[in-house]
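To start, the structure under review is shown below, and the notes come after it.
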There are 2 protein chains.
Amino acid sequence: MSSMNGAQTLIQTLCDAGVEVCFANPGTSEMHFVAALDHVPKMRAVLGLFEGVVTGAADGYGRMAGKPAATLLHLGPGLANGLANLHNAMRARTPIVNVVGDHATYHKQYDAPLESDVEAYAKPVSAWIRTSLSADAVAGDAAAAVAAAMGPPGGIASLILPADVSWLPAKAPASPLPITPRASVPSARIDAAARALKSGRPCALMLGGSTLLEPGLVAASRIAQKTDAKLFCETFPARIERGAGLPNPERLNYLAELTVMQLQGLAHLIVVDTKAPVSFFAYPGKPSYLVPEGCEVITLADPDEDAVGALQALVEASGASSAAPKVEAAQRPDVMSGAVSSESIARTIGALLPEGAVVSDEGNTAGLFVPFLTTGAPRHSWLCLTGGAIGQGMPLATGAAIACPGRKVLSLQADGSAMYTAQALWTQARERLDVTTVIFSNRSYAILNMELQRVGATPPGPRALSMLDLSNPVIDFAGLARSLGVSATRATTAEEFTTAFARAMNEPGPHLIEAVL
Amino acid sequence: MSSMNGAQTLIQTLCDAGVEVCFANPGTSEMHFVAALDHVPKMRAVLGLFEGVVTGAADGYGRMAGKPAATLLHLGPGLANGLANLHNAMRARTPIVNVVGDHATYHKQYDAPLESDVEAYAKPVSAWIRTSLSADAVAGDAAAAVAAAMGPPGGIASLILPADVSWLPAKAPASPLPITPRASVPSARIDAAARALKSGRPCALMLGGSTLLEPGLVAASRIAQKTDAKLFCETFPARIERGAGLPNPERLNYLAELTVMQLQGLAHLIVVDTKAPVSFFAYPGKPSYLVPEGCEVITLADPDEDAVGALQALVEASGASSAAPKVEAAQRPDVMSGAVSSESIARTIGALLPEGAVVSDEGNTAGLFVPFLTTGAPRHSWLCLTGGAIGQGMPLATGAAIACPGRKVLSLQADGSAMYTAQALWTQARERLDVTTVIFSNRSYAILNMELQRVGATPPGPRALSMLDLSNPVIDFAGLARSLGVSATRATTAEEFTTAFARAMNEPGPHLIEAVL
């Protein structure tokens with residue numbers, strides 16, 4: 001033990017606490033961390049060619065593994081490149097141990113070119129930040145970071161690692177700290193929810209966060225079946241379990257106009273591990289807060305509380321103990337022929353999605369059909385763009401595949417968003433991950449064409465429209481994928497897409513299919 | 001005027017103040033800004049498919065145009081994606097009006113998914129930050145932003161633009177504000193420098209920032225010729241004018257070990273619009289501050305002062321009024337044959353670089369020969385990676401090409417760094433920019449293999465080395481470029497490279513040449 005350095009004790013501590021994957025894009029100040037990887041073989045290091053890949057992969061891993069991966073980023077600018085996907089991870093409340101290298105403690109005073117305030121960069125996305133100040137302290141700091149990431153409510157624990165803290169001799173790794181359990185919900189809140197459900201007036205449960213895995217879904221569905229409450233799911237869940245045999249809460253719509261219609265007439269909205277719905281953006285003359293006037297919002301459980309336990313208690317309190325949940329029947333759509341379209345893609349996916357798939361959904365406008373046509377597919381996990389920062393999808397799929405060997409990962413990717421972090425394909429090739437990426441190639445920021453009208457900025461002129469147009473030049477996504485080592489196909493007909501998708505589902509990945517809409 | 005909205009007055013104000021290019025990656029909250037582009041045709045909007053392209057292009061434009069471009073970014077995460085290149089621009093002291101959209105003022109309270117503290121994201125890189133609070137205020141805020149960006153010392157002025165400030169009616173554009181001139185350097189400092197130069201003891205001038213265009217270079221060279229002072233240039237200048245007929249100060253080395261040798265024996269170091277040299281990173285047992293013990297550092301001019309005027313005054317004070325500058329003779333290297341190599345590439349570039357070229361240098365280790373073999377080439381501008389945040393090169397070249405129509409832009413790009421912001425190639429194709437990108441494809445983070453040894457993390461094991469290896473899979477940069485609409489060639493021999501480079505210099509771009517080392 002006496003011959004370890006700070007980096008070695010750090011990595012050993014992470015492994016001992018169950019953090020066994022590190023998504024990395026290192027630089028000079030992290031070289032001792034990198035060298036220490038050969039001393040702690042249990043830690044799997046996965047290289048990303050851009051930090052947005054690293055942080056998005058850590059998010060995908062954490063959502064599926066239920067425990068943190070580590071990142072390894074290079075100083076403030078390296079962290080900055082990863083912030084957008086950390087924003088998404090923060091909104092998903094994904095546990096991540098975000099390790100950011102910094103200059104040696106004594107070097108910071110010299111304001112070298114890469115000098116920056118790393119804590120300032122980390123602050124907007126971090127639930128916990130600590131700069132490790134000595135090689136003897138770093139192992140303890142790492143143990144604290146893992147505990148902070150696990151919460152409750154959990155999130156991003158940013159551990160800033162000066163170079164000399166890595167390279168100086170250190171005593172020993174630290175033992176894992178206990179994980180704080182989520183607090184039980186007080187019975188008064190369960191009673192209040194039960195009263196609303198029994199009031200005879202229109203009532204809905206709105207589910208989010210931890211309640212969207214099987215136990216929470218089943219409990220909520222039993223309540224809804226017994227009480228006639230509606231069952232909603234937040235608009236962009238971090239992870240929801242779906243498919244035949246599972247309850248299928250109705251997702252609130254991205255379009256506020258439609259959410260208002262979904263919620264119309266409600267007297268009580270019981271919110272569970274999420275918050276009352278608000279519009280994604282503001283629009284002139286339209287409401288931001290979407291709960292109908294006169295509707296009472298009842299918070300059953302906050303994110304740091306045991307929301308699933310609260311739902312199970314509410315089963316009893318609402319008299320639903322003998323109610324059966326309403327689950328989706330096994331059902332697959334027919335495939336289509338003719339030109340490839342958003343619907344034909346969704347039908348093919350619905351027809352062929354394998355049991356246990358993990359879907360990373362950044363299909364945006366062109367992908368809107370897919371959730372509807374996969375409700376009766378075999379059970380699968382669905383991961384959404386939680387924070388609205390595009391460029392999440394392909395990194396998220398990468399991390400999910402690392403977390404779930406043996407499960408097919410399907411990466412639904414809008415073309416505009418694909419251009420943010422396409423470097424993830426290289427990591428998929430390098431690690432031979434079983435990911436199939438479907439690019440919805442409509443050659444525009446289609447959502448912004450719609451938004452331009454929704455915000456009332458009409459009629460748009462040619463210069464405005466050109467800012468939303470990706471057709472000049474056309475991006476060859478199949479060629480892009482091949483340039484990064486991923487086998488790729490282009491599909492212009494529904495038949496071609498079905499053939500390519502069937503092959504991708506039957507052969508280990510990675511694959512990419514560019515669907516030209 | 002009465003029918004204008006905030007966005008229209010903002011764009012008109014920017015144009016009136018000379019800001020006529022906007023590099024943009026907009027989202028919903030910026031749709032009224034986008035729509036307003038059709039009302040102010042003088043503003044040229046250039047779309048980037050990733051924010052790092054947008055900010056890097058604004059940096060390249062500002063360095064060459066000597067005035068700011070605007071950016072248009074989408075909320076905190078969009079700004080975050082652009083921060084690394086804003087860090088480089090901050091280190092370059094490039095004037096940029098950094099426009100960041102935000103939610104409508106009344107919408108922020110709802111903590112929608114994309115909500116973030118935009119000012120917190122902007123703070124580490126901004127010389128000036130203001131959130132515009134009303135449609136009537138935004139024009140005045142924009143005028144203030146331009147003045148702040150121009151300085152002195154100038155830099156990034158971040159103007160945060162809530163969506164309703166864009167869409168609400170506004171009175172009128174604002175008039176440009178006067179630009180504050182740089183303060184004159186007090187004569188006492190010029191006298192102190194002159195005394196050092198005349199002391200008879202070893203003396204050097206270290207030039208940075210504004211002194212590296214022709215007037216500063218000529219003045220400094222005359223002083224050096226008269227007084228036998230050495231002439232150094234900071235390690236990573238934002239922009240230096242070079243080539244036949246111009247003085248060529250010796251650049252301080254990236255490797256601190258070599259910088260120490262360059263400065264050895266000096267009694268006086270006169271620092272002009274830069275600061276005394278420090279090591280880029282810290283290394284165990286090596287110094288961070290590189291000025292030799294006993295050497296007196298004399299600051300002639302700070303970045304907010306008139307450094308060129310101070311050098312011209314120092315010409316008089318040091319008795320160099322009749323001295324001629326020492327300039328580079330016109331000289332071109334011979335090209336090589338055989339396998340392509342760092343040297344053969346540099347020789348070809350030195351042999352064929354056209355008059356007036358602009359070179360964006362992110363060649364890193366593999367590009368080290370090029371500056372040495374172009375000293376006698378026709379006059380050209382050279383732009384360095386100022387802040388160490390890789391991924392600058394291709395965006396910088398893009399912005400420089402927008403600023404300098406009619407000049408060839410050469411983008412020297414290391415392969416590892418190329419993977420950060422390769423989306424810039426698409427903008428080059430869309431705008432038909434005359435940029436030739438040379439990829440130094442050595443399939444590794446070569447600099448980190450060297451740094452692993454320099455930090456003493458030896459012997460590295462296979463897992464550490466694999467973190468620096470880009471060969472699995474090999475990246476096909478020519479294919480990547482073609483997928484983004486840029487014509488591309490692969491060169492494996494010096495002859496192939498010379499043929500491809502000659503063609504690229506003779507045909508309008510964009511082009512990409514992948515040199516397989």
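A note on labels: chains of the structure tokens are A, B, ... as shown, every chain counts residues from 1, and ligands are counted from 1 in their shown order.
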
**Request:** Skip region 398-401 of chain B itself and residues of its chain fewer than 5 positions away, then list as a PyMOL selection string all residues within 9 Å of it, counting only C-alpha atoms.
**Result:** chain B and resi 23+53-54+56-65+358+360+393+406-409+411+424-425+427-428+433-435

Using only C-alpha atoms, which protein or nucleic acid residues come within 8 Å of region 121-132 of chain A? Drop anything in the same chain fewer than 4 positions from it, and give the result as a JSON list (two decimals) with N, CA, C and O atoms, in the first residue's frame.
[["chain", "number", "residue", "atom", "x", "y", "z"],
["A", 76, "GLY", "N", -11.12, 22.86, -16.99],
["A", 76, "GLY", "CA", -12.39, 23.56, -17.20],
["A", 76, "GLY", "C", -12.94, 23.41, -18.61],
["A", 76, "GLY", "O", -14.12, 23.06, -18.78],
["A", 79, "LEU", "N", -14.36, 19.94, -19.16],
["A", 79, "LEU", "CA", -15.64, 19.86, -18.45],
["A", 79, "LEU", "C", -16.72, 20.62, -19.22],
["A", 79, "LEU", "O", -17.85, 20.14, -19.37],
["A", 80, "ALA", "N", -16.36, 21.80, -19.71],
["A", 80, "ALA", "CA", -17.34, 22.62, -20.45],
["A", 80, "ALA", "C", -17.92, 21.84, -21.63],
["A", 80, "ALA", "O", -19.13, 21.86, -21.85],
["A", 83, "LEU", "N", -20.69, 19.67, -20.44],
["A", 83, "LEU", "CA", -21.75, 20.23, -19.59],
["A", 83, "LEU", "C", -23.16, 20.01, -20.13],
["A", 83, "LEU", "O", -24.10, 19.79, -19.36],
["A", 86, "LEU", "N", -24.23, 16.76, -19.14],
["A", 86, "LEU", "CA", -24.40, 16.75, -17.67],
["A", 86, "LEU", "C", -25.69, 17.46, -17.27],
["A", 86, "LEU", "O", -26.33, 17.07, -16.29],
["A", 87, "HIS", "N", -26.04, 18.50, -18.02],
["A", 87, "HIS", "CA", -27.34, 19.14, -17.77],
["A", 87, "HIS", "C", -28.47, 18.12, -17.93],
["A", 87, "HIS", "O", -29.37, 18.03, -17.07],
["A", 90, "MET", "N", -28.35, 15.78, -15.02],
["A", 90, "MET", "CA", -28.87, 16.44, -13.81],
["A", 90, "MET", "C", -30.39, 16.39, -13.80],
["A", 90, "MET", "O", -31.00, 16.07, -12.77],
["A", 117, "ASP", "N", -11.55, 28.44, -13.65],
["A", 117, "ASP", "CA", -12.20, 28.15, -12.37],
["A", 117, "ASP", "C", -13.07, 26.90, -12.58],
["A", 117, "ASP", "O", -14.22, 26.99, -12.99],
["A", 137, "ALA", "N", -6.00, 12.85, 0.96],
["A", 137, "ALA", "CA", -7.43, 13.11, 1.11],
["A", 137, "ALA", "C", -8.26, 12.54, -0.05],
["A", 137, "ALA", "O", -9.47, 12.34, 0.10],
["A", 138, "VAL", "N", -7.64, 12.27, -1.18],
["A", 138, "VAL", "CA", -8.44, 12.02, -2.38],
["A", 138, "VAL", "C", -9.27, 10.74, -2.29],
["A", 138, "VAL", "O", -10.39, 10.69, -2.81],
["A", 141, "ASP", "N", -12.28, 11.59, -0.37],
["A", 141, "ASP", "CA", -13.12, 12.44, -1.21],
["A", 141, "ASP", "C", -13.88, 11.60, -2.24],
["A", 141, "ASP", "O", -15.05, 11.87, -2.53],
["A", 145, "ALA", "N", -17.81, 11.22, -2.77],
["A", 145, "ALA", "CA", -18.42, 11.53, -4.08],
["A", 145, "ALA", "C", -19.41, 10.44, -4.48],
["A", 145, "ALA", "O", -20.51, 10.73, -4.97],
["A", 148, "ALA", "N", -22.50, 10.81, -2.41],
["A", 148, "ALA", "CA", -23.28, 11.98, -2.84],
["A", 148, "ALA", "C", -24.01, 11.71, -4.14],
["A", 148, "ALA", "O", -25.15, 12.13, -4.34],
["A", 149, "ALA", "N", -23.35, 11.00, -5.05],
["A", 149, "ALA", "CA", -23.99, 10.69, -6.33],
["A", 149, "ALA", "C", -25.19, 9.78, -6.14],
["A", 149, "ALA", "O", -26.21, 9.91, -6.83],
["A", 154, "GLY", "N", -29.54, 12.08, -5.14],
["A", 154, "GLY", "CA", -28.50, 11.64, -6.06],
["A", 154, "GLY", "C", -28.30, 12.63, -7.18],
["A", 154, "GLY", "O", -29.06, 13.58, -7.33],
["A", 155, "GLY", "N", -27.27, 12.39, -7.94],
["A", 155, "GLY", "CA", -26.99, 13.29, -9.04],
["A", 155, "GLY", "C", -25.51, 13.30, -9.36],
["A", 155, "GLY", "O", -24.81, 12.29, -9.16],
["A", 156, "ILE", "N", -25.07, 14.44, -9.83],
["A", 156, "ILE", "CA", -23.69, 14.55, -10.30],
["A", 156, "ILE", "C", -22.81, 15.03, -9.15],
["A", 156, "ILE", "O", -23.02, 16.11, -8.60],
["A", 157, "ALA", "N", -21.85, 14.19, -8.79],
["A", 157, "ALA", "CA", -20.85, 14.57, -7.78],
["A", 157, "ALA", "C", -19.56, 14.87, -8.52],
["A", 157, "ALA", "O", -18.96, 13.98, -9.11],
["A", 158, "SER", "N", -19.17, 16.13, -8.51],
["A", 158, "SER", "CA", -17.98, 16.56, -9.25],
["A", 158, "SER", "C", -16.78, 16.58, -8.31],
["A", 158, "SER", "O", -16.76, 17.33, -7.34],
["A", 159, "LEU", "N", -15.82, 15.76, -8.64],
["A", 159, "LEU", "CA", -14.58, 15.67, -7.85],
["A", 159, "LEU", "C", -13.46, 16.26, -8.68],
["A", 159, "LEU", "O", -13.11, 15.71, -9.74],
["A", 160, "ILE", "N", -12.92, 17.37, -8.23],
["A", 160, "ILE", "CA", -11.88, 18.06, -8.99],
["A", 160, "ILE", "C", -10.53, 17.61, -8.46],
["A", 160, "ILE", "O", -10.28, 17.61, -7.25],
["A", 161, "LEU", "N", -9.69, 17.20, -9.41],
["A", 161, "LEU", "CA", -8.49, 16.44, -9.08],
["A", 161, "LEU", "C", -7.23, 17.15, -9.58],
["A", 161, "LEU", "O", -6.84, 16.96, -10.73],
["A", 162, "PRO", "N", -6.59, 17.95, -8.73],
["A", 162, "PRO", "CA", -5.34, 18.59, -9.15],
["A", 162, "PRO", "C", -4.29, 17.53, -9.51],
["A", 162, "PRO", "O", -4.23, 16.46, -8.89],
["A", 165, "VAL", "N", -2.20, 16.05, -6.73],
["A", 165, "VAL", "CA", -2.96, 15.16, -5.85],
["A", 165, "VAL", "C", -2.95, 13.74, -6.43],
["A", 165, "VAL", "O", -2.93, 12.75, -5.70],
["B", 116, "SER", "N", -31.60, 27.10, -16.86],
["B", 116, "SER", "CA", -30.28, 27.08, -16.23],
["B", 116, "SER", "C", -29.88, 28.52, -15.94],
["B", 116, "SER", "O", -30.52, 29.46, -16.39],
["B", 117, "ASP", "N", -28.82, 28.65, -15.18],
["B", 117, "ASP", "CA", -28.29, 29.97, -14.84],
["B", 117, "ASP", "C", -27.31, 30.38, -15.95],
["B", 117, "ASP", "O", -26.13, 30.06, -15.91],
["B", 120, "ALA", "N", -24.18, 32.22, -15.04],
["B", 120, "ALA", "CA", -23.14, 31.38, -14.41],
["B", 120, "ALA", "C", -22.31, 30.66, -15.47],
["B", 120, "ALA", "O", -21.08, 30.55, -15.35],
["B", 121, "TYR", "N", -22.98, 30.18, -16.52],
["B", 121, "TYR", "CA", -22.23, 29.54, -17.60],
["B", 121, "TYR", "C", -21.32, 30.55, -18.31],
["B", 121, "TYR", "O", -20.23, 30.22, -18.75],
["B", 124, "PRO", "N", -17.17, 32.45, -16.59],
["B", 124, "PRO", "CA", -15.73, 32.16, -16.68],
["B", 124, "PRO", "C", -15.05, 32.71, -17.92],
["B", 124, "PRO", "O", -13.83, 32.85, -17.93]]

**Asked** Can you list, as a PyMOL selection string, every residue of region 42-237 of chain A that DSSP puts in alpha helix (DSSP H)?
**Response** chain A and resi 51-65+75-92+118-122+138-150+163-167+187-198+214-227

**Contacts of region 363-370 of chain B within 7 Å, only C-alpha atoms, excl. fewer than 3 positions in-chain, as an NGL selection string** = :B and (342-343 or 346 or 373-374 or 412-414 or 440 or 446-447)

**Message:** Among region 358-441 of chain B, which ones does DSSP assign to strand (DSSP E) (computed from the backbone)? Answer as number ranges by chain.
**Reply:** B: 358-362, 380-384, 409-414, 435-441

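In this model, the gap between CA of Gly245 (chain A) and CA of Leu383 (chain A) comes to 18.8 Å.
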
**Request:** Would you please work out which residue, of B:Asp334, B:Glu431, B:Glu496, B:Asp361, is nearest to Gly391 (chain B) when using only C-alpha atoms?
**Result:** B:Asp361

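Taking CA of Leu468 (chain B) and CA of Arg454 (chain B) as endpoints, the distance between them is 14.8 Å.
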
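One finds CA of Ala389 (chain B) at 12.1 Å from CA of Ala112 (chain A).
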